[in-house]
Amino acid sequence: MPASQRPTRSWTISLVALLVGVLCASDADAQILVGDSSVGYIDSAVLGNQVRLRFDAGYDSRFADRAEFVYAQYGEAGAPELERGIDNHQELSAYLEWQPLENLSLFTDVPFRWIDPVVNDNTGGLYDIQAGFKTALLKDDRSLLSAQLRGYFPTGDARSGLGTDHVSLEPALLGLFKASSRLTIESELRYWIPIGGSTASGIDGSGEPRDFSGDVLRYGLGIGYHAYQGSSVNVTSVTELVGWHVFDGLHSNSSGQRLSAINDAITNLKVGLRFSDSTNSLFVGYGTVLTDSRWYSDIIRFELRHAF
């Protein structure tokens with residue numbers, strides 16, 4: 001489907017639903033606080049005032065311009081040389097969330113990324129900025145279902161490998177359930193919709209141009225268990241399973257071919273520990289890929305979070 005038609009597909013209904021949710025969400029007094037969320041990779045369903053500083057180190061990326069989800073098409077909108085892979089990348093991001101209304105929070109995420117490609121030059125700088133809002137749809141003292149809309153904006157220099165060179169929208173449903181005083185289950189279902197993006201021709205021998213970017217479904221399930229509850233510090237073990245399914249789009253290989261990315265499926269296992277008190281927390285996590293397809297083979301994450 002041409003990129004110009006993507007915003008008109010049925011997914012626009014999801015965007016309207018998010019706006020309606022702001023007006024229709026429950027006003028129940030029971031609240032789940034930022035500190036009740038322990039996940040480190042899944043987006044949290046909790047609304048609240050918070051600041052977060054996060055550092056990632058990822059390794060061994062292959063076909064990194066797949067569907068222009070992380071990087072723009074090599075040799076075209078993205079880095080100038082066709083790429084065999086990215087040996088490692090580091091990213092430092094600053095996240096701010098503000099809750100002006102009980103059922104509405106606004107957020108922005110500003111990332112800086114450094115990459116070490118195999119072929120193209122090492123580079124670093126501002127990556128694509130994200131911003132959006134969350135609204136609580138259903139909530140009580142043990143569970144929360146939120147809708148989120150996240151926008152990705154091409155503020156990074158895609159020609160240096162620091163962005164996708166197009167806007168994207170990502171409606172999502174986020175959940176949290178406190179199964180007991182020690183066990184919390186969290187989930188996400190996100191649908192990434194690129195607006196624009198580059199094209200490539202000659203994929204199937206017809207010479208017809210095809211969209212390089214493609215829609216991506218992301219889903220995740222996380223379990224947090226309070227392994228230690230002290231008078232001032234709690235320690236929570238966190239296990240998360242995160243998956244992506246690419247519905248369309250292409251990826252480049254080092255020989256200059258543009259190959260289909262349709263039905264590429266990626267699954268990651270993430271584990272970590274969160275150390276927290278009433279307003280602050282430190283998360284230390286590690287993730288590894290479980291499938292042949294991947295965004296990276298391994299990732300290490302450190303996160304500082306403060307709720308106010």
# chains A, B, ... in the order shown; residues from 1 in each chain; ligands from 1
>>> closest_atom_pairs(of="segment 67-115 of chain A", to="segment 212-231 of chain A", cutoff="10 Å", atoms="only C-alpha atoms", output="JSON lines")
{"residue": "A:Ala67", "atom": "CA", "partner": "A:Ser213", "partner_atom": "CA", "distance": 4.0}
{"residue": "A:Glu68", "atom": "CA", "partner": "A:Ser213", "partner_atom": "CA", "distance": 4.8}
{"residue": "A:Phe69", "atom": "CA", "partner": "A:Ser213", "partner_atom": "CA", "distance": 7.1}
{"residue": "A:Tyr71", "atom": "CA", "partner": "A:Ser213", "partner_atom": "CA", "distance": 9.9}
{"residue": "A:Ala72", "atom": "CA", "partner": "A:Ser213", "partner_atom": "CA", "distance": 8.3}
{"residue": "A:Gln73", "atom": "CA", "partner": "A:Phe212", "partner_atom": "CA", "distance": 7.2}
>>> residues_around(residues="Ser93 of chain A", least_positions_apart="4", cutoff="10 Å", atoms="only C-alpha atoms", output="JSON, numbers by chain")
{"A": [52, 53, 54, 55, 56, 109, 110, 111, 112, 113, 126, 127, 129, 303]}
>>> write_last_selection(atoms="N, CA, C and O atoms", output="short mmCIF file (atom, residue, chain, number, x, y, z; two decimals), in the first residue's frame")
data_model
loop_
_atom_site.label_atom_id
_atom_site.label_comp_id
_atom_site.auth_asym_id
_atom_site.auth_seq_id
_atom_site.Cartn_x
_atom_site.Cartn_y
_atom_site.Cartn_z
N ARG A 52 12.86 10.57 33.77
CA ARG A 52 13.59 9.31 33.63
C ARG A 52 14.82 9.53 32.76
O ARG A 52 14.75 10.18 31.72
N LEU A 53 15.92 8.98 33.20
CA LEU A 53 17.14 8.99 32.41
C LEU A 53 17.53 7.54 32.14
O LEU A 53 17.65 6.74 33.07
N ARG A 54 17.72 7.20 30.86
CA ARG A 54 17.91 5.81 30.47
C ARG A 54 19.13 5.68 29.56
O ARG A 54 19.33 6.50 28.66
N PHE A 55 19.93 4.65 29.81
CA PHE A 55 21.10 4.37 28.97
C PHE A 55 21.01 2.95 28.44
O PHE A 55 20.79 2.00 29.20
N ASP A 56 21.17 2.81 27.12
CA ASP A 56 21.17 1.51 26.45
C ASP A 56 22.49 1.27 25.75
O ASP A 56 23.09 2.20 25.19
N ASP A 109 10.28 12.27 24.88
CA ASP A 109 11.47 11.46 25.08
C ASP A 109 12.53 11.96 24.09
O ASP A 109 12.29 11.94 22.87
N VAL A 110 13.66 12.43 24.62
CA VAL A 110 14.71 13.03 23.78
C VAL A 110 15.94 12.13 23.84
O VAL A 110 16.62 12.06 24.87
N PRO A 111 16.25 11.41 22.75
CA PRO A 111 17.38 10.46 22.75
C PRO A 111 18.61 11.00 22.00
O PRO A 111 18.50 11.68 20.99
N PHE A 112 19.77 10.65 22.52
CA PHE A 112 21.04 10.85 21.84
C PHE A 112 21.66 9.48 21.60
O PHE A 112 21.71 8.66 22.53
N ARG A 113 22.13 9.24 20.38
CA ARG A 113 22.60 7.90 20.01
C ARG A 113 23.99 7.98 19.39
O ARG A 113 24.32 8.91 18.66
N LEU A 126 21.89 13.74 18.14
CA LEU A 126 20.47 13.67 18.43
C LEU A 126 19.79 12.65 17.53
O LEU A 126 19.99 12.65 16.31
N TYR A 127 18.99 11.77 18.11
CA TYR A 127 18.20 10.78 17.38
C TYR A 127 16.77 11.33 17.27
O TYR A 127 16.49 12.47 17.64
N ILE A 129 13.22 12.42 18.10
CA ILE A 129 12.49 12.74 19.32
C ILE A 129 11.09 12.14 19.27
O ILE A 129 10.46 12.06 18.21
N GLU A 303 18.54 2.51 34.09
CA GLU A 303 17.49 3.53 34.12
C GLU A 303 17.35 4.12 35.51
O GLU A 303 17.27 3.39 36.49
#
>>> residues_around(residues="Leu304 of chain A", least_positions_apart="6", cutoff="10 Å", atoms="only C-alpha atoms", output="PyMOL selection string")
chain A and resi 51-55+94+274-276+280-284
>>> atom_distance(atom1="atom CA of Ser255 of chain A", atom2="atom CA of Ala79 of chain A")
15.1 Å
>>> closest_residue(among="A:Asn234, A:Asn120, A:Gln99, A:Thr279", to="Ala136 of chain A", atoms="only C-alpha atoms")
A:Gln99
>>> residues_around(residues="Tyr296 of chain A", least_positions_apart="4", cutoff="10 Å", atoms="only C-alpha atoms", output="PDB file with C-alpha atoms, in the first residue's frame")
ATOM      1  CA  ALA A  57      24.049  -0.419  24.918  1.00  0.00           C
ATOM      2  CA  GLY A  58      23.035  -2.757  22.066  1.00  0.00           C
ATOM      3  CA  TYR A  59      25.202  -5.137  20.056  1.00  0.00           C
ATOM      4  CA  ASP A  60      25.360  -6.923  16.706  1.00  0.00           C
ATOM      5  CA  SER A  61      22.561  -5.425  14.642  1.00  0.00           C
ATOM      6  CA  ARG A  62      21.880  -6.886  11.185  1.00  0.00           C
ATOM      7  CA  PHE A  63      19.513  -5.580   8.463  1.00  0.00           C
ATOM      8  CA  ALA A  64      19.197  -2.533  10.706  1.00  0.00           C
ATOM      9  CA  GLY A  85      25.565  -4.301  10.187  1.00  0.00           C
ATOM     10  CA  ILE A  86      26.095  -2.193  13.278  1.00  0.00           C
ATOM     11  CA  ASP A  87      28.550  -3.684  15.732  1.00  0.00           C
ATOM     12  CA  ASN A  88      27.182  -1.692  18.655  1.00  0.00           C
ATOM     13  CA  HIS A  89      25.193   1.382  19.566  1.00  0.00           C
ATOM     14  CA  ILE A 266      11.551 -10.854  16.351  1.00  0.00           C
ATOM     15  CA  ASN A 268      13.438 -10.810  22.879  1.00  0.00           C
ATOM     16  CA  GLY A 287      17.986  -8.537  26.962  1.00  0.00           C
ATOM     17  CA  THR A 288      18.797 -11.138  24.331  1.00  0.00           C
ATOM     18  CA  VAL A 289      17.176 -12.174  21.068  1.00  0.00           C
TER      19      VAL A 289
END
>>> residues_around(residues="Leu82 of chain A", least_positions_apart="3", cutoff="8 Å", atoms="only C-alpha atoms", output="PyMOL selection string")
chain A and resi 74-75+79+119-120+252-256
>>> write_last_selection(atoms="C-alpha atoms", output="PDB file, in the first residue's frame")
ATOM      1  CA  TYR A  74      20.872   2.592   3.497  1.00  0.00           C
ATOM      2  CA  GLY A  75      22.188   4.254   0.353  1.00  0.00           C
ATOM      3  CA  ALA A  79      23.561   6.327   5.687  1.00  0.00           C
ATOM      4  CA  VAL A 119      30.942   0.052   6.720  1.00  0.00           C
ATOM      5  CA  ASN A 120      29.764   3.615   7.352  1.00  0.00           C
ATOM      6  CA  SER A 252      18.904  -3.797   2.526  1.00  0.00           C
ATOM      7  CA  ASN A 253      21.775  -6.232   2.411  1.00  0.00           C
ATOM      8  CA  SER A 254      25.449  -5.467   1.830  1.00  0.00           C
ATOM      9  CA  SER A 255      25.354  -6.597  -1.819  1.00  0.00           C
ATOM     10  CA  GLY A 256      22.846  -3.903  -2.766  1.00  0.00           C
TER      11      GLY A 256
END
>>> select_by_dssp(residues="segment 84-194 of chain A", states="strand (DSSP E)", output="JSON, numbers by chain")
{"A": [86, 87, 88, 89, 90, 91, 92, 93, 94, 95, 96, 97, 98, 99, 100, 101, 104, 105, 106, 107, 108, 109, 110, 111, 112, 113, 114, 115, 116, 117, 123, 124, 125, 126, 129, 130, 131, 132, 133, 134, 135, 136, 137, 138, 139, 143, 144, 145, 146, 147, 148, 149, 150, 151, 152, 153, 167, 168, 169, 170, 171, 172, 173, 174, 175, 176, 177, 178, 183, 184, 185, 186, 187, 188, 189, 190, 191, 192, 193, 194]}
>>> closest_residue(among="A:Ser143, A:Thr239, A:Gln31, A:Asn103", to="Leu176 of chain A", atoms="only C-alpha atoms")
A:Ser143
>>> closest_residue(among="A:Ser198, A:Ser260, A:Ser160, A:Ser105", to="Ala77 of chain A", atoms="only C-alpha atoms")
A:Ser198
>>> decode(residues="segment 57-157 of chain A", atoms="C-alpha atoms", output="CSV table (one decimal), in the first residue's frame")
chain,number,residue,atom,x,y,z
A,57,ALA,CA,24.0,-0.4,24.9
A,58,GLY,CA,23.0,-2.8,22.1
A,59,TYR,CA,25.2,-5.1,20.1
A,60,ASP,CA,25.4,-6.9,16.7
A,61,SER,CA,22.6,-5.4,14.6
A,62,ARG,CA,21.9,-6.9,11.2
A,63,PHE,CA,19.5,-5.6,8.5
A,64,ALA,CA,19.2,-2.5,10.7
A,65,ASP,CA,17.2,-0.5,8.2
A,66,ARG,CA,14.4,-3.1,8.2
A,67,ALA,CA,11.1,-1.4,7.4
A,68,GLU,CA,12.8,1.9,8.4
A,69,PHE,CA,11.7,1.2,11.9
A,70,VAL,CA,15.1,2.2,13.5
A,71,TYR,CA,17.2,3.5,10.6
A,72,ALA,CA,16.4,5.0,7.2
A,73,GLN,CA,17.1,3.0,4.0
A,74,TYR,CA,20.9,2.6,3.5
A,75,GLY,CA,22.2,4.3,0.4
A,76,GLU,CA,19.0,6.4,-0.1
A,77,ALA,CA,17.4,8.3,2.8
A,78,GLY,CA,19.8,6.9,5.3
A,79,ALA,CA,23.6,6.3,5.7
A,80,PRO,CA,25.3,6.7,2.3
A,81,GLU,CA,27.0,3.3,2.1
A,82,LEU,CA,25.2,-0.1,2.1
A,83,GLU,CA,25.8,-1.7,5.5
A,84,ARG,CA,26.7,-5.2,6.7
A,85,GLY,CA,25.6,-4.3,10.2
A,86,ILE,CA,26.1,-2.2,13.3
A,87,ASP,CA,28.5,-3.7,15.7
A,88,ASN,CA,27.2,-1.7,18.7
A,89,HIS,CA,25.2,1.4,19.6
A,90,GLN,CA,24.7,3.4,22.7
A,91,GLU,CA,21.8,5.6,23.5
A,92,LEU,CA,21.1,8.1,26.3
A,93,SER,CA,17.5,9.4,26.5
A,94,ALA,CA,15.7,11.8,28.8
A,95,TYR,CA,12.0,11.3,29.4
A,96,LEU,CA,9.6,13.7,31.0
A,97,GLU,CA,5.9,12.9,31.7
A,98,TRP,CA,3.5,15.5,33.1
A,99,GLN,CA,-0.1,14.7,34.3
A,100,PRO,CA,-2.2,17.9,34.0
A,101,LEU,CA,-5.5,16.0,34.4
A,102,GLU,CA,-6.4,12.8,36.3
A,103,ASN,CA,-7.0,10.8,33.1
A,104,LEU,CA,-4.4,12.5,30.9
A,105,SER,CA,-0.6,12.7,30.9
A,106,LEU,CA,1.7,14.2,28.3
A,107,PHE,CA,5.2,13.0,27.6
A,108,THR,CA,8.3,13.6,25.5
A,109,ASP,CA,11.5,11.5,25.1
A,110,VAL,CA,14.7,13.0,23.8
A,111,PRO,CA,17.4,10.5,22.8
A,112,PHE,CA,21.0,10.9,21.8
A,113,ARG,CA,22.6,7.9,20.0
A,114,TRP,CA,26.1,6.8,19.1
A,115,ILE,CA,26.6,4.0,16.5
A,116,ASP,CA,29.6,1.9,15.3
A,117,PRO,CA,28.6,0.6,11.9
A,118,VAL,CA,30.7,-2.0,10.0
A,119,VAL,CA,30.9,0.1,6.7
A,120,ASN,CA,29.8,3.6,7.4
A,121,ASP,CA,31.6,6.0,9.6
A,122,ASN,CA,31.0,6.0,13.4
A,123,THR,CA,28.8,8.9,14.4
A,124,GLY,CA,26.7,10.3,17.2
A,125,GLY,CA,24.2,12.9,18.0
A,126,LEU,CA,20.5,13.7,18.4
A,127,TYR,CA,18.2,10.8,17.4
A,128,ASP,CA,14.5,11.0,16.5
A,129,ILE,CA,12.5,12.7,19.3
A,130,GLN,CA,9.3,11.1,20.6
A,131,ALA,CA,6.2,12.7,22.2
A,132,GLY,CA,2.6,11.8,22.9
A,133,PHE,CA,0.0,11.2,25.6
A,134,LYS,CA,-1.6,8.5,27.7
A,135,THR,CA,-5.2,8.3,29.0
A,136,ALA,CA,-6.6,5.8,31.5
A,137,LEU,CA,-9.5,3.8,30.1
A,138,LEU,CA,-10.3,1.4,32.9
A,139,LYS,CA,-8.9,1.5,36.4
A,140,ASP,CA,-9.5,0.3,40.0
A,141,ASP,CA,-7.2,-0.3,43.0
A,142,ARG,CA,-5.5,-3.4,41.4
A,143,SER,CA,-5.7,-2.9,37.6
A,144,LEU,CA,-5.2,-0.3,34.9
A,145,LEU,CA,-5.8,-0.2,31.2
A,146,SER,CA,-4.5,2.8,29.3
A,147,ALA,CA,-4.4,4.0,25.8
A,148,GLN,CA,-1.3,5.8,24.4
A,149,LEU,CA,-0.4,7.7,21.3
A,150,ARG,CA,3.3,8.1,20.6
A,151,GLY,CA,4.7,10.2,17.8
A,152,TYR,CA,8.2,9.8,16.3
A,153,PHE,CA,9.6,12.9,14.6
A,154,PRO,CA,12.6,12.9,12.3
A,155,THR,CA,14.9,15.2,14.3
A,156,GLY,CA,18.0,13.0,13.9
A,157,ASP,CA,20.4,13.2,10.9
